[in-house]
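Each remark here refers to the structure printed beneath this line.
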Amino acid sequence: MATKVMMEALSPTMEEGRLVKWVKNVGDAVKSGDTIAEVETDKAIMELVARGDGILRARLIEEGQTSPVGVTIGVIAAADEDISALAGGHAPAEAPSEQPKAVPAEAMPNPPVDAHEHAHPPAGTAEHEPAAVPGGPVRSSPLARRMAAERGVNLQSIQGTGPGGRVIKRDIEQAAASAASAPSAPPREQSAAAPSTASKPTSTATAMQIDGEFKDVALTQMRKTIARRLGESIGPIPTFFLTSEIDMTNVGKLREQMVAAGDQFKVSVNDIVIKAVAIALTRHPEVNAHWQGDSIRYFSAAHVGMAVATDDGLIVPVIRDAHLKGLGQIGKEARELAKKARERKLTPAEYSGGTFSVSNLGMFGIDQFTAIINPPEAAILAVGATETKPVWENGQFVPRQKMRVTMSCDHRIIDGAVGAKFLQTLRQLLEAPMMMLF
C-alpha cells in the first residue's frame with residue numbers, strides 16, 4: 001500500500017518547512033524510519049523520516065521549495081503500484097543520474113523559491129500537467145512565469161529541467177544570466193530625466209554581495225517565526241522595564257579562581273548570570289510564570305533560556321532545572337547548546353519549555369538595552385557589558401566592575417514591586433556569588 005511522504009511538524013511552532021535536501025532518489029528502496037529528506041524548520045534543520053516501506057516513487061517538491069505542514073511532498077509505494085491518484089495523475093520520470101547538490105539558503109546567489117511555487121497542486125496541474133503540445137503553452141511554474149515576465153525571457157526558447165520538462169525558477173535564472181553575458185547592441189542615449197541605476201556603486205552587506213541597487217532575499221523559516229513571534233509580543237503585551245546596575249567585581253574574582261582550578265571549571269559571566277537568575281526565580285515564583293490567556297501558570301523549576309545569535313537570527317535554547325545545576329555543568333551545557341544552535345542542530349526539546357529568558361549583548365560592547373519578551377514568558381533579562389568604573393569607598397575612589405541589566409516585564413503578570421524585588425535578589429547573588437553555593 002502506498003505511503004504519503006508528508007511535510008511534518010518537526011517543531012512545536014512549525015507551520016511550513018523548506019526542503020533543503022532529498023536524501024533518497026526516485027527509485028531508491030526505503031524502509032520505515034529511514035531519513036528521506038532534510039527540512040529547514042523555523043528553528044533548525046531536521047531529518048524527515050519515512051513512515052512506510054517500499055520504493056520512493058515520486059518527489060513532488062524540489063530542493064529549496066517550501067511546503068505547509070500536512071501537505072504530501074512524496075510517495076513511497078511498490079514498484080508496480082499505481083500512484084497516479086497521489087502523484088497528481090502521473091508517475092514522475094526516473095530520477096536523473098546526478099542529483100544537484102543542495103545549497104543552504106544563505107549561500108544561494110538568489111533567494112529561495114517563495115510560497116507561490118509550491119509543488120503540491122491538485123491533479124492535472126503544475127508539474128503533473130499533460131505533456132506540452134509543440135507550439136502551444138509552455139509548461140512552467142507560476143513563479144517561473146512571473147520571473148520570465150519581469151526579466152524579459154521568452155519561455156518558448158527554454159528547455160525546462162523540472163519534472164516532465166517543466167520550466168522552473170533555475171531555468172529562468174540561467175536563461176537571464178546567459179542573456180546578460182551575451183554581446184549586446186550599443187546602448188541608446190539615455191534621457192536626462194531617467195538616469196540609469198547601473199552606474200551606481202554597489203554596496204556590500206554582511207555575508208551578502210549586493211549586485212545593483214538592491215537585492216531581495218526570501219525569509220528563512222527561522223526569520224519568519226521571529227517576525228511572527230515578536231509581533232505577538234511587542235503589540236499586545238503591556239511591557240514595563242526595570243534597570244539595575246550590579247557590582248560584578250566578586251564575580252570576576254570567582255571566575256579567575258575557577259579558571260586557575262582547571263579548564264573543567266571555566267565558566268563565562270553569562271553562565272554565572274544564568275545560575276543567579278535561576279536561584280532568584282525559585283525565590284520569586286511570581287516571576288517564573290507563563291501567561292495562559294485566562295490564567296497564569298507558575299513554575300517551581302527554573303528552565304532558563306539563553307538567546308543565541310545565528311546567521312538567521314536569534315534562537316533560545318533552554319538550560320533545564322538550572323537552579324539545581326552547578327556552574328560547571330551550566331557552562332558545559334551552555335557551550336554545547338550554543339554550538340548546536342549555530343549549526344542548526346537543536347532538537348525541539350532543547351529550545352522549548354523555557355520559563356524565563358536571558359539575552360546578553362555585553363560581549364559586543366553594548367552597555368544597556370531592552371529585550372522583547374518571549375511569550376508566554378513573564379519577563380526577559382537584557383545583560384549589558386561589564387566595565388570598570390570609579391566608586392567612592394572609604395574616602396577614596398576605587399575601581400569596581402559594573403554591569404547594567406534591564407528586565408522587560410509583562411505587566412499582566414508582574415507588578416513593578418515584584419520585578420524590583422526579583423532584581424534586588426539577583427543583585428545580592430551576583431555581588432556575593434558565594435551565596436549561590438549554598
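Labels for the C-alpha cells follow display order: chains A, B, ..., residues from 1 in each chain, ligands from 1.
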Report as a ChimeraX atom specification all protein, DNA and RNA residues lying within 8 Å of Arg255 of chain A, evaluated on only C-alpha atoms, omitting residues in the same chain fewer than 2 positions from it. /A:251-253,257-259,266-269
- Message: Excluding segment 417-420 of chain A and its own-chain neighbours fewer than 3 positions away, which residues fall within 10 Å of it when counting only C-alpha atoms? Please give them as a ChimeraX atom specification.
- Response: /A:240-244,284,286-287,379,407-411,413-414,423-426
Output all heavy atoms for every residue in the selection just made, as a compact mmCIF listing (two decimals), in the first residue's frame.
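Generated file (result.txt):
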# COMPACT_ATOMS: atom_id res chain seq x y z
N PHE A 240 6.74 46.87 30.88
CA PHE A 240 7.50 47.94 31.53
C PHE A 240 8.91 47.43 31.79
O PHE A 240 9.17 46.21 31.74
CB PHE A 240 6.83 48.42 32.82
CG PHE A 240 6.82 47.41 33.94
CD1 PHE A 240 7.84 47.39 34.90
CD2 PHE A 240 5.79 46.50 34.08
CE1 PHE A 240 7.84 46.48 35.94
CE2 PHE A 240 5.78 45.58 35.12
CZ PHE A 240 6.80 45.57 36.04
N PHE A 241 9.83 48.33 32.04
CA PHE A 241 11.25 47.98 32.10
C PHE A 241 11.87 48.45 33.42
O PHE A 241 11.58 49.55 33.89
CB PHE A 241 12.01 48.62 30.94
CG PHE A 241 11.40 48.32 29.59
CD1 PHE A 241 10.51 49.21 29.01
CD2 PHE A 241 11.69 47.14 28.94
CE1 PHE A 241 9.93 48.95 27.79
CE2 PHE A 241 11.11 46.85 27.70
CZ PHE A 241 10.24 47.75 27.13
N LEU A 242 12.71 47.61 33.98
CA LEU A 242 13.42 47.91 35.22
C LEU A 242 14.92 47.73 34.98
O LEU A 242 15.34 46.67 34.50
CB LEU A 242 12.97 46.99 36.35
CG LEU A 242 11.48 47.05 36.74
CD1 LEU A 242 11.16 45.94 37.74
CD2 LEU A 242 11.14 48.41 37.33
N THR A 243 15.71 48.73 35.30
CA THR A 243 17.16 48.68 35.10
C THR A 243 17.88 48.75 36.44
O THR A 243 17.52 49.53 37.31
CB THR A 243 17.62 49.82 34.18
OG1 THR A 243 17.00 49.69 32.92
CG2 THR A 243 19.14 49.79 33.99
N SER A 244 18.91 47.93 36.56
CA SER A 244 19.71 47.92 37.78
C SER A 244 21.18 47.80 37.41
O SER A 244 21.53 47.10 36.45
CB SER A 244 19.30 46.75 38.68
OG SER A 244 20.07 46.71 39.86
N HIS A 284 11.35 33.85 43.81
CA HIS A 284 10.27 34.74 43.36
C HIS A 284 9.47 34.03 42.27
O HIS A 284 9.52 34.40 41.09
CB HIS A 284 10.84 36.05 42.84
CG HIS A 284 11.65 36.81 43.83
ND1 HIS A 284 11.10 37.69 44.73
CD2 HIS A 284 12.99 36.80 44.07
CE1 HIS A 284 12.06 38.20 45.50
NE2 HIS A 284 13.21 37.68 45.12
N GLU A 286 6.57 34.20 41.40
CA GLU A 286 5.61 35.04 40.67
C GLU A 286 6.21 35.61 39.39
O GLU A 286 5.49 36.10 38.52
CB GLU A 286 5.11 36.18 41.58
CG GLU A 286 6.19 37.12 42.08
CD GLU A 286 6.84 36.67 43.38
OE1 GLU A 286 6.89 35.46 43.64
OE2 GLU A 286 7.28 37.55 44.14
N VAL A 287 7.55 35.55 39.25
CA VAL A 287 8.22 35.98 38.02
C VAL A 287 8.44 34.79 37.08
O VAL A 287 8.52 34.96 35.86
CB VAL A 287 9.59 36.64 38.36
CG1 VAL A 287 10.37 37.00 37.11
CG2 VAL A 287 9.36 37.89 39.22
N ALA A 379 8.83 37.50 31.58
CA ALA A 379 9.88 38.50 31.56
C ALA A 379 11.10 37.99 30.83
O ALA A 379 11.23 36.79 30.56
CB ALA A 379 10.26 38.90 32.99
N MET A 407 15.30 44.41 32.96
CA MET A 407 14.28 43.38 32.88
C MET A 407 13.02 43.94 32.23
O MET A 407 12.46 44.94 32.69
CB MET A 407 13.95 42.81 34.27
CG MET A 407 13.00 41.62 34.19
SD MET A 407 12.90 40.63 35.70
CE MET A 407 11.93 41.71 36.74
N SER A 408 12.60 43.30 31.14
CA SER A 408 11.32 43.62 30.49
C SER A 408 10.26 42.75 31.15
O SER A 408 10.40 41.52 31.21
CB SER A 408 11.39 43.32 28.99
OG SER A 408 12.47 43.99 28.39
N CYS A 409 9.20 43.36 31.63
CA CYS A 409 8.18 42.65 32.42
C CYS A 409 6.80 42.76 31.78
O CYS A 409 6.39 43.84 31.35
CB CYS A 409 8.10 43.22 33.84
SG CYS A 409 9.66 43.23 34.74
N ASP A 410 6.10 41.64 31.72
CA ASP A 410 4.70 41.62 31.28
C ASP A 410 3.85 42.08 32.46
O ASP A 410 3.73 41.36 33.47
CB ASP A 410 4.32 40.20 30.84
CG ASP A 410 2.91 40.11 30.30
OD1 ASP A 410 2.11 41.03 30.53
OD2 ASP A 410 2.59 39.10 29.63
N HIS A 411 3.25 43.28 32.33
CA HIS A 411 2.52 43.86 33.45
C HIS A 411 1.25 43.10 33.79
O HIS A 411 0.65 43.29 34.86
CB HIS A 411 2.19 45.33 33.15
CG HIS A 411 2.19 46.21 34.35
ND1 HIS A 411 1.90 45.76 35.61
CD2 HIS A 411 2.46 47.54 34.49
CE1 HIS A 411 1.98 46.75 36.48
NE2 HIS A 411 2.32 47.85 35.83
N ILE A 413 1.28 40.04 34.42
CA ILE A 413 1.72 39.02 35.38
C ILE A 413 2.51 39.64 36.52
O ILE A 413 2.32 39.28 37.69
CB ILE A 413 2.59 37.97 34.66
CG1 ILE A 413 1.87 37.37 33.45
CG2 ILE A 413 3.03 36.87 35.63
CD1 ILE A 413 2.72 36.45 32.61
N ILE A 414 3.40 40.58 36.18
CA ILE A 414 4.35 41.13 37.15
C ILE A 414 4.03 42.60 37.43
O ILE A 414 3.90 43.39 36.49
CB ILE A 414 5.79 41.01 36.62
CG1 ILE A 414 6.14 39.54 36.35
CG2 ILE A 414 6.78 41.61 37.60
CD1 ILE A 414 7.49 39.36 35.68
N LEU A 423 14.93 41.70 40.98
CA LEU A 423 16.23 42.27 40.62
C LEU A 423 17.08 42.52 41.87
O LEU A 423 18.32 42.41 41.81
CB LEU A 423 16.04 43.58 39.85
CG LEU A 423 15.66 43.45 38.38
CD1 LEU A 423 15.61 44.83 37.73
CD2 LEU A 423 16.64 42.56 37.63
N GLN A 424 16.45 42.83 42.96
CA GLN A 424 17.19 43.03 44.22
C GLN A 424 17.87 41.72 44.64
O GLN A 424 19.05 41.71 45.04
CB GLN A 424 16.24 43.52 45.30
CG GLN A 424 16.92 43.92 46.60
CD GLN A 424 15.91 44.44 47.61
OE1 GLN A 424 14.90 43.80 47.89
NE2 GLN A 424 16.17 45.63 48.16
N THR A 425 17.13 40.63 44.56
CA THR A 425 17.71 39.32 44.88
C THR A 425 18.82 38.95 43.90
O THR A 425 19.87 38.43 44.31
CB THR A 425 16.62 38.23 44.86
OG1 THR A 425 15.63 38.53 45.85
CG2 THR A 425 17.20 36.86 45.12
N LEU A 426 18.60 39.23 42.63
CA LEU A 426 19.61 38.93 41.61
C LEU A 426 20.89 39.70 41.89
O LEU A 426 22.00 39.15 41.80
CB LEU A 426 19.08 39.28 40.22
CG LEU A 426 20.02 39.01 39.05
CD1 LEU A 426 20.28 37.52 38.88
CD2 LEU A 426 19.46 39.60 37.74
Leaving out segment 296-298 of chain A and any residue of its chain fewer than 5 positions from it, which residues lie within 10 Å of it when counting only C-alpha atoms, given as a compact mmCIF listing (two decimals) with N, CA and C atoms, in the first residue's frame?
# COMPACT_ATOMS: atom_id res chain seq x y z
N PRO A 285 8.70 33.00 42.64
CA PRO A 285 7.97 32.21 41.63
C PRO A 285 6.94 33.04 40.86
N GLU A 286 6.57 34.20 41.40
CA GLU A 286 5.61 35.04 40.67
C GLU A 286 6.21 35.61 39.39
N VAL A 287 7.55 35.55 39.25
CA VAL A 287 8.22 35.98 38.02
C VAL A 287 8.44 34.79 37.08
N ASN A 288 8.47 33.60 37.66
CA ASN A 288 8.73 32.37 36.89
C ASN A 288 7.39 31.82 36.39
N ALA A 289 6.82 32.52 35.41
CA ALA A 289 5.42 32.24 35.05
C ALA A 289 5.18 32.40 33.56
N HIS A 290 4.05 31.84 33.11
CA HIS A 290 3.56 31.98 31.74
C HIS A 290 2.16 32.58 31.74
N TRP A 291 1.89 33.43 30.77
CA TRP A 291 0.54 33.96 30.57
C TRP A 291 -0.26 32.96 29.76
N THR A 355 11.08 28.96 30.98
CA THR A 355 10.19 29.73 31.87
C THR A 355 10.64 31.17 32.02
N PRO A 376 5.03 32.71 25.95
CA PRO A 376 4.18 33.28 27.00
C PRO A 376 4.93 33.63 28.29
N GLU A 377 6.26 33.72 28.25
CA GLU A 377 7.02 34.00 29.46
C GLU A 377 6.66 35.38 30.03
N ALA A 378 6.90 35.54 31.33
CA ALA A 378 6.52 36.77 32.02
C ALA A 378 7.57 37.87 31.88
N ARG A 412 0.81 42.20 32.91
CA ARG A 412 -0.36 41.38 33.22
C ARG A 412 -0.03 40.36 34.29
N ILE A 413 1.28 40.04 34.42
CA ILE A 413 1.72 39.02 35.38
C ILE A 413 2.51 39.64 36.52
Surrounding residues of segment 14-21 of chain A excluding itself and chain neighbours under 5 positions, 9 Å, only C-alpha atoms, as a PyMOL selection string: chain A and resi 7-9+36-43+45+61-70+101-105+220-221+225
- Mind the document's chain letters and residue numbers, and return as a PyMOL selection string the residues of segment 264-372 of chain A that DSSP labels alpha helix (DSSP H). chain A and resi 269-283+327-342+348-351
### Query
Distance atom CA of Asp53 of chain A-atom CA of Pro12 of chain A, one decimal place?
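Computing it gives 26.7 Å between the two atoms.
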### Message
Report as a PyMOL selection string all protein, DNA and RNA residues lying within 12 Å of Met434 of chain A, evaluated on only C-alpha atoms, omitting residues in the same chain fewer than 6 positions from it.
### Response
chain A and resi 250-251+253-255+272+275-276+327+428
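Across the model, the gap from atom CA of Val273 of chain A to atom CA of Asn394 of chain A is 28.6 Å.
Distance check against Lys339 of chain A using only C-alpha atoms: of A:Val308, A:Val217, A:Gly362, A:Tyr351, the minimum falls on A:Val308.
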- Which residues, written as a PyMOL selection string, have at least one atom at most 7 Å from Ala29 of chain A, with only C-alpha atoms counted and residues fewer than 4 positions away on the same chain left out? chain A and resi 54-56
